[in-house]
$ cat work-v6.pdb   # PDB, C-alpha atoms and all ligand atoms
ATOM      1  CA  MET A   1     -16.502 -18.368  -4.134
ATOM      2  CA  THR A   2     -14.371 -20.579  -1.867
ATOM      3  CA  SER A   3     -13.475 -19.386   1.620
ATOM      4  CA  SER A   4     -10.447 -17.106   1.299
ATOM      5  CA  VAL A   5      -9.021 -14.373   3.468
ATOM      6  CA  ALA A   6      -6.949 -11.257   2.810
ATOM      7  CA  ILE A   7      -5.305  -8.711   5.111
ATOM      8  CA  ILE A   8      -5.265  -5.155   3.726
ATOM      9  CA  THR A   9      -3.242  -2.445   5.456
ATOM     10  CA  GLY A  10      -4.009   1.221   4.957
ATOM     11  CA  ALA A  11      -7.653   0.209   4.541
ATOM     12  CA  SER A  12      -9.083   3.319   6.251
ATOM     13  CA  GLN A  13      -8.858   5.546   3.146
ATOM     14  CA  GLY A  14      -7.375   6.082  -0.301
ATOM     15  CA  ILE A  15      -5.896   3.173  -2.259
ATOM     16  CA  GLY A  16      -6.197   0.752   0.672
ATOM     17  CA  GLN A  17      -9.916   1.422   1.108
ATOM     18  CA  ALA A  18     -10.570   1.064  -2.631
ATOM     19  CA  THR A  19      -8.613  -2.203  -2.646
ATOM     20  CA  ALA A  20     -10.652  -3.558   0.275
ATOM     21  CA  VAL A  21     -13.931  -2.791  -1.481
ATOM     22  CA  ARG A  22     -12.665  -4.380  -4.728
ATOM     23  CA  LEU A  23     -11.337  -7.494  -2.973
ATOM     24  CA  ALA A  24     -14.705  -8.013  -1.252
ATOM     25  CA  ARG A  25     -15.860  -9.457  -4.601
ATOM     26  CA  ASP A  26     -13.112 -12.120  -4.588
ATOM     27  CA  PHE A  27     -12.483 -12.964  -0.908
ATOM     28  CA  SER A  28     -14.905 -14.135   1.773
ATOM     29  CA  GLY A  29     -13.115 -12.471   4.726
ATOM     30  CA  LEU A  30     -11.082  -9.258   4.863
ATOM     31  CA  ALA A  31      -8.981  -7.965   7.767
ATOM     32  CA  LEU A  32      -8.904  -4.162   7.497
ATOM     33  CA  VAL A  33      -5.911  -2.529   9.190
ATOM     34  CA  ALA A  34      -5.056   1.123   9.934
ATOM     35  CA  ARG A  35      -5.123   3.439  12.975
ATOM     36  CA  ASN A  36      -8.386   5.336  12.480
ATOM     37  CA  ARG A  37     -11.164   3.049  13.715
ATOM     38  CA  THR A  38     -14.005   5.327  12.592
ATOM     39  CA  ASN A  39     -12.722   5.337   9.012
ATOM     40  CA  LEU A  40     -12.117   1.584   9.152
ATOM     41  CA  GLU A  41     -15.742   1.058  10.223
ATOM     42  CA  GLN A  42     -16.807   2.957   7.086
ATOM     43  CA  THR A  43     -14.629   0.676   4.953
ATOM     44  CA  ALA A  44     -16.087  -2.327   6.793
ATOM     45  CA  ALA A  45     -19.629  -1.248   5.892
ATOM     46  CA  LEU A  46     -18.628  -0.930   2.213
ATOM     47  CA  VAL A  47     -16.904  -4.339   2.314
ATOM     48  CA  HIS A  48     -19.942  -5.940   3.911
ATOM     49  CA  GLY A  49     -22.168  -4.367   1.267
ATOM     50  CA  ALA A  50     -19.892  -5.769  -1.453
ATOM     51  CA  GLY A  51     -20.249  -9.310  -0.112
ATOM     52  CA  ALA A  52     -17.335 -10.086   2.251
ATOM     53  CA  GLU A  53     -17.066 -10.353   6.025
ATOM     54  CA  PRO A  54     -14.924  -7.510   7.415
ATOM     55  CA  LEU A  55     -12.702  -7.617  10.485
ATOM     56  CA  VAL A  56     -11.612  -4.178  11.711
ATOM     57  CA  ILE A  57      -8.179  -4.077  13.352
ATOM     58  CA  ASP A  58      -7.018  -0.665  14.521
ATOM     59  CA  ALA A  59      -3.273  -0.886  14.866
ATOM     60  CA  ASP A  60      -0.252   1.349  14.435
ATOM     61  CA  LEU A  61       1.924  -0.723  12.111
ATOM     62  CA  SER A  62       5.025   1.294  12.953
ATOM     63  CA  GLN A  63       4.954  -0.444  16.350
ATOM     64  CA  ALA A  64       6.715  -3.809  16.463
ATOM     65  CA  ALA A  65       3.956  -5.583  18.425
ATOM     66  CA  SER A  66       1.257  -4.755  15.848
ATOM     67  CA  ALA A  67       2.237  -7.398  13.291
ATOM     68  CA  GLN A  68       1.594 -10.305  15.653
ATOM     69  CA  GLU A  69      -1.620  -8.638  16.803
ATOM     70  CA  VAL A  70      -2.928  -8.316  13.229
ATOM     71  CA  VAL A  71      -2.026 -11.875  12.261
ATOM     72  CA  GLY A  72      -3.326 -13.283  15.564
ATOM     73  CA  GLN A  73      -6.697 -11.529  15.266
ATOM     74  CA  THR A  74      -7.063 -12.544  11.613
ATOM     75  CA  LEU A  75      -6.345 -16.212  12.295
ATOM     76  CA  ALA A  76      -8.593 -16.209  15.386
ATOM     77  CA  ARG A  77     -11.508 -14.901  13.303
ATOM     78  CA  PHE A  78     -10.993 -16.548   9.906
ATOM     79  CA  GLY A  79      -8.482 -19.393  10.474
ATOM     80  CA  ARG A  80      -6.388 -18.722   7.352
ATOM     81  CA  ILE A  81      -4.577 -16.042   5.358
ATOM     82  CA  ASP A  82      -4.509 -16.257   1.548
ATOM     83  CA  ALA A  83      -3.314 -12.769   0.689
ATOM     84  CA  LEU A  84      -1.530  -9.875   2.361
ATOM     85  CA  LEU A  85      -1.640  -6.439   0.773
ATOM     86  CA  ASN A  86       0.799  -4.027   2.441
ATOM     87  CA  ILE A  87      -0.557  -0.640   1.365
ATOM     88  CA  ALA A  88      -0.152   1.601   4.449
ATOM     89  CA  GLY A  89       2.427   4.326   4.009
ATOM     90  CA  ALA A  90       3.057   7.815   5.325
ATOM     91  CA  VAL A  91       6.671   8.725   4.591
ATOM     92  CA  PRO A  92       7.376  12.370   5.533
ATOM     93  CA  GLN A  93       7.664  14.634   2.475
ATOM     94  CA  ILE A  94      10.632  16.709   3.657
ATOM     95  CA  ASP A  95      13.711  18.046   1.887
ATOM     96  CA  LEU A  96      16.766  15.790   1.980
ATOM     97  CA  PHE A  97      18.794  18.494   3.715
ATOM     98  CA  GLU A  98      16.128  19.266   6.325
ATOM     99  CA  MET A  99      14.951  15.804   7.288
ATOM    100  CA  ASN A 100      16.223  14.617  10.670
ATOM    101  CA  ASP A 101      16.901  11.095  11.899
ATOM    102  CA  ALA A 102      13.596  10.811  13.771
ATOM    103  CA  GLN A 103      11.686  11.684  10.578
ATOM    104  CA  TRP A 104      13.661   9.115   8.565
ATOM    105  CA  ASP A 105      13.028   6.535  11.295
ATOM    106  CA  SER A 106       9.277   7.189  11.300
ATOM    107  CA  GLY A 107       9.060   6.696   7.509
ATOM    108  CA  LEU A 108      11.069   3.489   7.698
ATOM    109  CA  ALA A 109       9.220   2.217  10.784
ATOM    110  CA  LEU A 110       5.861   2.151   9.004
ATOM    111  CA  LYS A 111       6.359   1.627   5.319
ATOM    112  CA  LEU A 112       9.437  -0.611   5.293
ATOM    113  CA  HIS A 113       9.561  -2.314   8.682
ATOM    114  CA  GLY A 114       5.777  -2.417   9.189
ATOM    115  CA  ALA A 115       5.351  -4.267   5.887
ATOM    116  CA  ARG A 116       8.413  -6.459   6.519
ATOM    117  CA  ARG A 117       7.262  -7.510  10.013
ATOM    118  CA  LEU A 118       3.688  -8.193   8.941
ATOM    119  CA  THR A 119       4.831 -10.275   5.964
ATOM    120  CA  ILE A 120       7.127 -12.340   8.187
ATOM    121  CA  CYS A 121       4.399 -12.853  10.827
ATOM    122  CA  ALA A 122       1.848 -13.888   8.194
ATOM    123  CA  TRP A 123       4.341 -16.103   6.304
ATOM    124  CA  PRO A 124       3.528 -19.469   7.983
ATOM    125  CA  ALA A 125      -0.196 -19.009   7.306
ATOM    126  CA  LEU A 126       0.528 -17.810   3.755
ATOM    127  CA  ARG A 127       2.744 -20.873   3.206
ATOM    128  CA  GLN A 128      -0.083 -23.133   4.315
ATOM    129  CA  ALA A 129      -2.530 -21.402   1.949
ATOM    130  CA  LYS A 130      -0.002 -21.036  -0.936
ATOM    131  CA  GLY A 131      -0.837 -17.374  -0.758
ATOM    132  CA  SER A 132       0.151 -14.008  -2.238
ATOM    133  CA  VAL A 133       1.782 -10.832  -0.958
ATOM    134  CA  VAL A 134       1.808  -7.364  -2.482
ATOM    135  CA  LEU A 135       4.040  -4.548  -1.224
ATOM    136  CA  MET A 136       3.170  -0.981  -2.157
ATOM    137  CA  SER A 137       6.053   1.074  -3.504
ATOM    138  CA  GLY A 138       5.654   4.107  -5.791
ATOM    139  CA  ASN A 139       7.095   5.671  -8.947
ATOM    140  CA  SER A 140       9.414   7.861  -6.873
ATOM    141  CA  ALA A 141      11.499   4.685  -6.414
ATOM    142  CA  VAL A 142      12.824   5.254  -9.925
ATOM    143  CA  PHE A 143      13.196   9.060  -9.729
ATOM    144  CA  PRO A 144      13.976  10.142  -6.154
ATOM    145  CA  LYS A 145      13.809  13.938  -5.801
ATOM    146  CA  ALA A 146      15.656  16.061  -3.227
ATOM    147  CA  PRO A 147      12.530  17.832  -1.831
ATOM    148  CA  TYR A 148      11.059  14.468  -0.729
ATOM    149  CA  ALA A 149      14.065  12.156  -0.922
ATOM    150  CA  ALA A 150      12.897   9.732   1.769
ATOM    151  CA  VAL A 151       9.802   8.826  -0.252
ATOM    152  CA  GLY A 152      11.879   7.672  -3.237
ATOM    153  CA  THR A 153      14.534   6.013  -1.086
ATOM    154  CA  ILE A 154      12.054   4.010   0.987
ATOM    155  CA  ASN A 155       9.994   3.075  -2.086
ATOM    156  CA  ALA A 156      13.161   1.731  -3.743
ATOM    157  CA  ALA A 157      13.879  -0.298  -0.601
ATOM    158  CA  ILE A 158      10.358  -1.749  -0.765
ATOM    159  CA  VAL A 159      10.994  -3.010  -4.312
ATOM    160  CA  ALA A 160      14.160  -4.748  -3.098
ATOM    161  CA  LEU A 161      12.382  -6.145  -0.035
ATOM    162  CA  ALA A 162       9.620  -7.602  -2.203
ATOM    163  CA  LYS A 163      12.235  -9.235  -4.419
ATOM    164  CA  ALA A 164      13.892 -10.848  -1.375
ATOM    165  CA  PHE A 165      10.533 -12.168  -0.111
ATOM    166  CA  ALA A 166       9.747 -13.469  -3.609
ATOM    167  CA  ASP A 167      13.041 -15.356  -3.603
ATOM    168  CA  ARG A 168      12.054 -17.226  -0.426
ATOM    169  CA  GLY A 169       8.522 -17.551  -1.733
ATOM    170  CA  ILE A 170       9.656 -19.751  -4.609
ATOM    171  CA  GLU A 171      10.453 -22.592  -2.212
ATOM    172  CA  ASP A 172       7.548 -21.779   0.117
ATOM    173  CA  GLY A 173       4.882 -21.499  -2.597
ATOM    174  CA  ILE A 174       4.124 -17.825  -1.923
ATOM    175  CA  GLN A 175       4.088 -15.223  -4.720
ATOM    176  CA  VAL A 176       5.317 -11.718  -3.868
ATOM    177  CA  ASN A 177       5.213  -8.603  -6.036
ATOM    178  CA  SER A 178       5.526  -4.846  -5.618
ATOM    179  CA  VAL A 179       3.398  -2.124  -7.166
ATOM    180  CA  LEU A 180       4.503   1.333  -8.295
ATOM    181  CA  PRO A 181       1.596   3.711  -8.758
ATOM    182  CA  GLY A 182       2.067   7.080 -10.391
ATOM    183  CA  PRO A 183       0.100  10.108  -9.132
ATOM    184  CA  VAL A 184      -3.225   8.859  -7.701
ATOM    185  CA  MET A 185      -5.669  11.396  -6.282
ATOM    186  CA  THR A 186      -5.952  10.621  -2.549
ATOM    187  CA  GLY A 187      -5.449  12.493   0.721
ATOM    188  CA  ARG A 188      -1.753  11.729   0.492
ATOM    189  CA  ARG A 189      -1.502  13.118  -3.054
ATOM    190  CA  GLN A 190      -3.266  16.287  -1.868
ATOM    191  CA  SER A 191      -0.720  16.751   0.905
ATOM    192  CA  TYR A 192       2.067  16.184  -1.656
ATOM    193  CA  LEU A 193       0.563  18.925  -3.842
ATOM    194  CA  GLN A 194       0.408  21.287  -0.856
ATOM    195  CA  HIS A 195       4.158  20.779  -0.562
ATOM    196  CA  TRP A 196       4.722  20.983  -4.336
ATOM    197  CA  ALA A 197       2.756  24.236  -4.817
ATOM    198  CA  PRO A 198       5.095  26.674  -2.988
ATOM    199  CA  LEU A 199       8.161  24.961  -4.475
ATOM    200  CA  HIS A 200       6.778  25.879  -7.907
ATOM    201  CA  GLY A 201       5.434  29.303  -6.939
ATOM    202  CA  VAL A 202       1.773  28.430  -7.518
ATOM    203  CA  SER A 203      -1.365  28.084  -5.388
ATOM    204  CA  VAL A 204      -2.506  24.599  -4.346
ATOM    205  CA  ALA A 205      -5.438  24.806  -6.797
ATOM    206  CA  GLU A 206      -3.016  25.696  -9.607
ATOM    207  CA  ALA A 207      -0.720  22.874  -8.513
ATOM    208  CA  VAL A 208      -3.568  20.344  -8.793
ATOM    209  CA  GLU A 209      -4.129  21.567 -12.361
ATOM    210  CA  ARG A 210      -0.494  21.870 -13.382
ATOM    211  CA  PHE A 211       1.096  18.803 -11.822
ATOM    212  CA  PRO A 212      -0.202  16.193 -14.330
ATOM    213  CA  LYS A 213       1.108  18.263 -17.261
ATOM    214  CA  GLU A 214       4.554  18.523 -15.630
ATOM    215  CA  ALA A 215       4.458  14.793 -14.856
ATOM    216  CA  GLY A 216       3.662  14.104 -18.522
ATOM    217  CA  ILE A 217       0.340  12.369 -17.870
ATOM    218  CA  ALA A 218      -3.190  13.097 -19.093
ATOM    219  CA  ARG A 219      -4.800  12.908 -15.611
ATOM    220  CA  TYR A 220      -4.447  11.612 -12.060
ATOM    221  CA  GLY A 221      -5.137   7.946 -11.445
ATOM    222  CA  SER A 222      -8.015   6.907  -9.213
ATOM    223  CA  PRO A 223      -7.719   4.571  -6.207
ATOM    224  CA  ASP A 224     -10.170   2.211  -7.946
ATOM    225  CA  GLU A 225      -7.752   1.759 -10.859
ATOM    226  CA  ILE A 226      -4.901   0.700  -8.541
ATOM    227  CA  ALA A 227      -7.365  -1.556  -6.688
ATOM    228  CA  GLU A 228      -8.015  -3.465  -9.945
ATOM    229  CA  LEU A 229      -4.296  -4.153 -10.307
ATOM    230  CA  MET A 230      -4.065  -5.277  -6.674
ATOM    231  CA  ALA A 231      -7.017  -7.637  -7.198
ATOM    232  CA  PHE A 232      -5.363  -9.144 -10.265
ATOM    233  CA  LEU A 233      -2.076  -9.694  -8.411
ATOM    234  CA  VAL A 234      -3.762 -11.810  -5.720
ATOM    235  CA  SER A 235      -6.016 -13.659  -8.166
ATOM    236  CA  PRO A 236      -5.474 -17.203  -9.518
ATOM    237  CA  GLY A 237      -4.760 -15.753 -12.966
ATOM    238  CA  ALA A 238      -1.584 -14.076 -11.673
ATOM    239  CA  ARG A 239      -0.220 -17.174  -9.969
ATOM    240  CA  TRP A 240       2.997 -17.419 -12.028
ATOM    241  CA  LEU A 241       3.668 -13.677 -11.609
ATOM    242  CA  THR A 242       6.191 -13.304  -8.792
ATOM    243  CA  GLY A 243       9.255 -11.201  -7.997
ATOM    244  CA  SER A 244       7.898  -8.517 -10.330
ATOM    245  CA  THR A 245       7.428  -4.778 -10.016
ATOM    246  CA  LEU A 246       4.198  -3.620 -11.623
ATOM    247  CA  ARG A 247       3.871   0.024 -12.613
ATOM    248  CA  MET A 248       0.482   1.705 -13.158
ATOM    249  CA  ASP A 249       1.112   5.386 -13.744
ATOM    250  CA  GLY A 250      -0.697   6.800 -16.776
ATOM    251  CA  GLY A 251       2.669   6.851 -18.587
ATOM    252  CA  GLU A 252       4.570   9.005 -16.058
ATOM    253  CA  VAL A 253       7.813   6.992 -16.345
ATOM    254  CA  LYS A 254       9.132   7.556 -19.858
ATOM    255  CA  SER A 255      12.149   5.232 -19.751
ATOM    256  CA  ILE A 256      12.017   1.514 -20.599
TER     257      ILE A 256
HETATM  258  N1  LIG B 301      -1.470   8.518  -3.906
HETATM  259  C1  LIG B 301      -0.417   8.407  -4.688
HETATM  260  O1  LIG B 301      -0.234   9.180  -5.630
HETATM  261  C2  LIG B 301       0.609   7.325  -4.425
HETATM  262  C3  LIG B 301       1.629   7.157  -5.370
HETATM  263  C4  LIG B 301       2.585   6.176  -5.151
HETATM  264  C5  LIG B 301       2.514   5.378  -4.011
HETATM  265  N2  LIG B 301       1.506   5.570  -3.116
HETATM  266  C6  LIG B 301       1.495   4.716  -1.915
HETATM  267  O2  LIG B 301       0.231   4.089  -1.775
HETATM  268  C7  LIG B 301      -0.040   3.854  -0.394
HETATM  269  C8  LIG B 301      -1.409   4.405  -0.053
HETATM  270  O3  LIG B 301      -1.369   5.763  -0.358
HETATM  271  P1  LIG B 301      -2.675   6.684  -0.410
HETATM  272  O4  LIG B 301      -2.382   7.709  -1.425
HETATM  273  O5  LIG B 301      -3.900   5.857  -0.480
HETATM  274  O6  LIG B 301      -2.518   7.390   1.014
HETATM  275  P2  LIG B 301      -3.563   7.762   2.175
HETATM  276  O7  LIG B 301      -4.894   8.070   1.605
HETATM  277  O8  LIG B 301      -2.853   8.774   3.001
HETATM  278  O9  LIG B 301      -3.639   6.398   2.987
HETATM  279  C9  LIG B 301      -2.568   5.953   3.784
HETATM  280  C10 LIG B 301      -3.065   4.801   4.624
HETATM  281  O10 LIG B 301      -2.002   4.379   5.518
HETATM  282  C11 LIG B 301      -2.542   4.264   6.837
HETATM  283  N3  LIG B 301      -1.511   4.510   7.844
HETATM  284  C12 LIG B 301      -0.757   5.635   7.984
HETATM  285  N4  LIG B 301       0.054   5.519   9.054
HETATM  286  C13 LIG B 301      -0.219   4.289   9.611
HETATM  287  C14 LIG B 301       0.300   3.582  10.729
HETATM  288  N5  LIG B 301       1.266   4.104  11.509
HETATM  289  N6  LIG B 301      -0.212   2.354  10.998
HETATM  290  C15 LIG B 301      -1.186   1.817  10.220
HETATM  291  N7  LIG B 301      -1.682   2.428   9.140
HETATM  292  C16 LIG B 301      -1.204   3.657   8.831
HETATM  293  C17 LIG B 301      -3.622   5.347   6.869
HETATM  294  O11 LIG B 301      -4.588   5.065   7.861
HETATM  295  P3  LIG B 301      -4.677   5.740   9.316
HETATM  296  O12 LIG B 301      -4.318   7.179   9.163
HETATM  297  O13 LIG B 301      -6.093   5.469   9.699
HETATM  298  O14 LIG B 301      -3.689   4.979  10.144
HETATM  299  C18 LIG B 301      -4.246   5.180   5.499
HETATM  300  O15 LIG B 301      -5.190   4.147   5.500
HETATM  301  C19 LIG B 301       1.095   4.499   0.398
HETATM  302  O16 LIG B 301       2.036   3.511   0.755
HETATM  303  C20 LIG B 301       1.691   5.474  -0.615
HETATM  304  O17 LIG B 301       3.061   5.738  -0.386
HETATM  305  C21 LIG B 301       0.557   6.516  -3.289
END

$ encode --input "work-v6.pdb" --output "structure tokens" --more "lines below"
Ligand SMILES: NC(=O)c1ccc[n+]([C@@H]2O[C@H](COP(=O)([O-])OP(=O)(O)OC[C@H]3O[C@@H](n4cnc5c(N)ncnc54)[C@H](OP(=O)(O)O)[C@@H]3O)[C@@H](O)[C@H]2O)c1
Amino acid sequence: MTSSVAIITGASQGIGQATAVRLARDFSGLALVARNRTNLEQTAALVHGAGAEPLVIDADLSQAASAQEVVGQTLARFGRIDALLNIAGAVPQIDLFEMNDAQWDSGLALKLHGARRLTICAWPALRQAKGSVVLMSGNSAVFPKAPYAAVGTINAAIVALAKAFADRGIEDGIQVNSVLPGPVMTGRRQSYLQHWAPLHGVSVAEAVERFPKEAGIARYGSPDEIAELMAFLVSPGARWLTGSTLRMDGGEVKSI
């Protein structure tokens, strides 16, 4: 394995943690970014065990100064950036007619602007390395629903943002793609189901059981399955894949 470095946001749990552990097989250094340092240390131990050198960076990516901090610490430790995986996201799951401006701003500040700022800050290093970027969207981008409209709206914006970065990436030698997972069982999916349950007049346990049937899928996805897709997207084999939106959803989206 040659020396190569990736930054993974949202690495403290869920899909981001699974992606970090998977990428430890392909990269020599991994910068692990989220707010919860204790959880990040757990990811770091798993990454170390899987063969890569971890760098824990506890940062709130909704804050403008964090992007420079993350890139600065990564370059100071590893000297290069080959891949950036923007996975962190925590858009409020609130009804369209109840959600206030502050709640919209907080969703945008992390998932859209956090990813945008970090990608821009890392861009010169990515250009030097001829690197890759992945932006995490979600299936709700293609079917926004009123009870959690911001999630779909911001995920659709992420797809467009990735496309704009990919456009610039053609001349700069950087590939950029977005990923749309369907329902993946994580802490965030559990909180979604807690919201979904009363809307459908069922208990949370019943919601966990019923949701996949209503979504038209056989089962929930696992974070490890999305991690495999993320690893492929930043691998040499995917080099000509850019400006694309990759869906991994167990068949949830029925349209072509
Ligand atoms: N699970 C699904 O079904 C599903 C479906 C479609 C799309 N997605 C997307 O996939 C991504 C990961 O989701 P997940 O299900 O793995 O969720 P999760 O388990 O809740 O993980 C979210 C991650 O984001 C980090 N984060 C939250 N706020 C942050 C902030 N202000 N600054 C830095 N990091 C922050 C969290 O770490 P800290 O709390 O430690 O900061 C955590 O590592 C999200 O963008 C989500 O929208 C998930």

$ resolve_selection --input "work-v6.pdb" --expression "the PyMOL selection byres (((chain A and resi 218-220) around 7) and not hetatm)" --output "VMD selection string"
chain A and resid 183 to 185 212 to 213 216 to 217 221 to 222

$ closest_residue --input "work-v6.pdb" --among "A:Ile94, A:Leu32, A:Leu126, A:Ala102" --to "Pro147 in chain A" --atoms "all atoms listed in the file"
A:Ile94

$ residues_around --input "work-v6.pdb" --residues "Ala197 in chain A" --least-positions-apart "3" --cutoff "10 Å" --atoms "all atoms listed in the file" --output "list in words"
Tyr192, Leu193, Gln194, His200, Gly201, Val202, Ser203, Val204, Ala205, Glu206, Ala207, Val208, Arg210 and Phe211 of chain A

$ closest_residue --input "work-v6.pdb" --among "A:Ala24, A:Ala52, A:Leu46, A:Leu118" --to "Val70 in chain A" --atoms "all atoms listed in the file"
A:Leu118

$ resolve_selection --input "work-v6.pdb" --expression "the PyMOL selection byres (((not hetatm)) within 6 of (chain B and resi 301))" --output "JSON, numbers by chain"
{"A": [10, 11, 12, 13, 14, 15, 16, 34, 35, 36, 59, 60, 61, 62, 87, 88, 89, 90, 110, 136, 137, 138, 139, 181, 182, 183, 184, 185, 186, 187, 188, 189]}

$ atom_distance --input "work-v6.pdb" --atom1 "CA of Gln17 in chain A" --atom2 "CA of Thr43 in chain A"
6.1 Å

$ resolve_selection --input "work-v6.pdb" --expression "the PyMOL selection byres (((chain A and resi 236-251) around 10) and not hetatm)" --output "VMD selection string"
chain A and resid 130 to 139 159 to 167 169 to 170 173 to 184 212 215 to 221 225 to 226 229 to 235 252 to 255

$ atom_distance --input "work-v6.pdb" --atom1 "CA of Ile154 in chain A" --atom2 "CA of Lys111 in chain A"
7.5 Å

$ residues_around --input "work-v6.pdb" --residues "Arg117 in chain A" --least-positions-apart "3" --cutoff "8 Å" --atoms "all atoms listed in the file" --output "list in words"
Ala64, Ala67, His113, Gly114, Ile120 and Cys121 of chain A

$ axis_aligned_box --input "work-v6.pdb" --around "range 105-116 of chain A" --padding-each-side "8 Å" --output "JSON"
{"center_x": 9.2, "center_y": 0.4, "center_z": 8.3, "size_x": 23.7, "size_y": 29.6, "size_z": 22.0}

$ decode --input "work-v6.pdb" --residues "range 87-104 of chain A" --atoms "N, CA and C atoms" --output "PDB file, in the first residue's frame"
ATOM      1  N   ILE A  87     -19.462  12.863   5.306  1.00  0.00           N
ATOM      2  CA  ILE A  87     -20.560  11.975   5.716  1.00  0.00           C
ATOM      3  C   ILE A  87     -21.413  12.591   6.833  1.00  0.00           C
ATOM      4  N   ALA A  88     -20.825  13.494   7.619  1.00  0.00           N
ATOM      5  CA  ALA A  88     -21.563  14.069   8.765  1.00  0.00           C
ATOM      6  C   ALA A  88     -22.861  14.713   8.309  1.00  0.00           C
ATOM      7  N   GLY A  89     -23.905  14.481   9.083  1.00  0.00           N
ATOM      8  CA  GLY A  89     -25.200  15.088   8.768  1.00  0.00           C
ATOM      9  C   GLY A  89     -26.139  14.922   9.935  1.00  0.00           C
ATOM     10  N   ALA A  90     -26.898  15.961  10.229  1.00  0.00           N
ATOM     11  CA  ALA A  90     -27.877  15.884  11.318  1.00  0.00           C
ATOM     12  C   ALA A  90     -28.969  16.920  11.038  1.00  0.00           C
ATOM     13  N   VAL A  91     -29.646  16.749   9.903  1.00  0.00           N
ATOM     14  CA  VAL A  91     -30.700  17.704   9.546  1.00  0.00           C
ATOM     15  C   VAL A  91     -31.919  17.433  10.430  1.00  0.00           C
ATOM     16  N   PRO A  92     -32.488  18.481  11.051  1.00  0.00           N
ATOM     17  CA  PRO A  92     -33.660  18.262  11.913  1.00  0.00           C
ATOM     18  C   PRO A  92     -34.811  17.620  11.143  1.00  0.00           C
ATOM     19  N   GLN A  93     -35.468  16.645  11.800  1.00  0.00           N
ATOM     20  CA  GLN A  93     -36.584  15.929  11.162  1.00  0.00           C
ATOM     21  C   GLN A  93     -37.880  16.538  11.697  1.00  0.00           C
ATOM     22  N   ILE A  94     -38.260  17.675  11.106  1.00  0.00           N
ATOM     23  CA  ILE A  94     -39.388  18.470  11.609  1.00  0.00           C
ATOM     24  C   ILE A  94     -40.314  18.791  10.445  1.00  0.00           C
ATOM     25  N   ASP A  95     -41.627  18.855  10.759  1.00  0.00           N
ATOM     26  CA  ASP A  95     -42.605  19.120   9.706  1.00  0.00           C
ATOM     27  C   ASP A  95     -42.348  20.459   9.019  1.00  0.00           C
ATOM     28  N   LEU A  96     -42.569  20.468   7.721  1.00  0.00           N
ATOM     29  CA  LEU A  96     -42.360  21.656   6.888  1.00  0.00           C
ATOM     30  C   LEU A  96     -43.049  22.897   7.454  1.00  0.00           C
ATOM     31  N   PHE A  97     -44.238  22.690   8.050  1.00  0.00           N
ATOM     32  CA  PHE A  97     -45.002  23.838   8.531  1.00  0.00           C
ATOM     33  C   PHE A  97     -44.680  24.188   9.990  1.00  0.00           C
ATOM     34  N   GLU A  98     -43.793  23.419  10.602  1.00  0.00           N
ATOM     35  CA  GLU A  98     -43.404  23.722  11.988  1.00  0.00           C
ATOM     36  C   GLU A  98     -41.964  24.174  12.099  1.00  0.00           C
ATOM     37  N   MET A  99     -41.186  23.918  11.087  1.00  0.00           N
ATOM     38  CA  MET A  99     -39.738  24.156  11.170  1.00  0.00           C
ATOM     39  C   MET A  99     -39.430  25.649  11.037  1.00  0.00           C
ATOM     40  N   ASN A 100     -38.665  26.178  12.002  1.00  0.00           N
ATOM     41  CA  ASN A 100     -38.371  27.616  11.961  1.00  0.00           C
ATOM     42  C   ASN A 100     -37.031  27.888  11.253  1.00  0.00           C
ATOM     43  N   ASP A 101     -36.732  29.150  11.085  1.00  0.00           N
ATOM     44  CA  ASP A 101     -35.530  29.526  10.330  1.00  0.00           C
ATOM     45  C   ASP A 101     -34.250  29.009  10.996  1.00  0.00           C
ATOM     46  N   ALA A 102     -34.211  29.065  12.325  1.00  0.00           N
ATOM     47  CA  ALA A 102     -33.000  28.621  13.030  1.00  0.00           C
ATOM     48  C   ALA A 102     -32.765  27.133  12.776  1.00  0.00           C
ATOM     49  N   GLN A 103     -33.866  26.349  12.739  1.00  0.00           N
ATOM     50  CA  GLN A 103     -33.727  24.907  12.499  1.00  0.00           C
ATOM     51  C   GLN A 103     -33.283  24.632  11.052  1.00  0.00           C
ATOM     52  N   TRP A 104     -33.826  25.385  10.104  1.00  0.00           N
ATOM     53  CA  TRP A 104     -33.350  25.261   8.719  1.00  0.00           C
ATOM     54  C   TRP A 104     -31.861  25.617   8.648  1.00  0.00           C
TER      55      TRP A 104
END
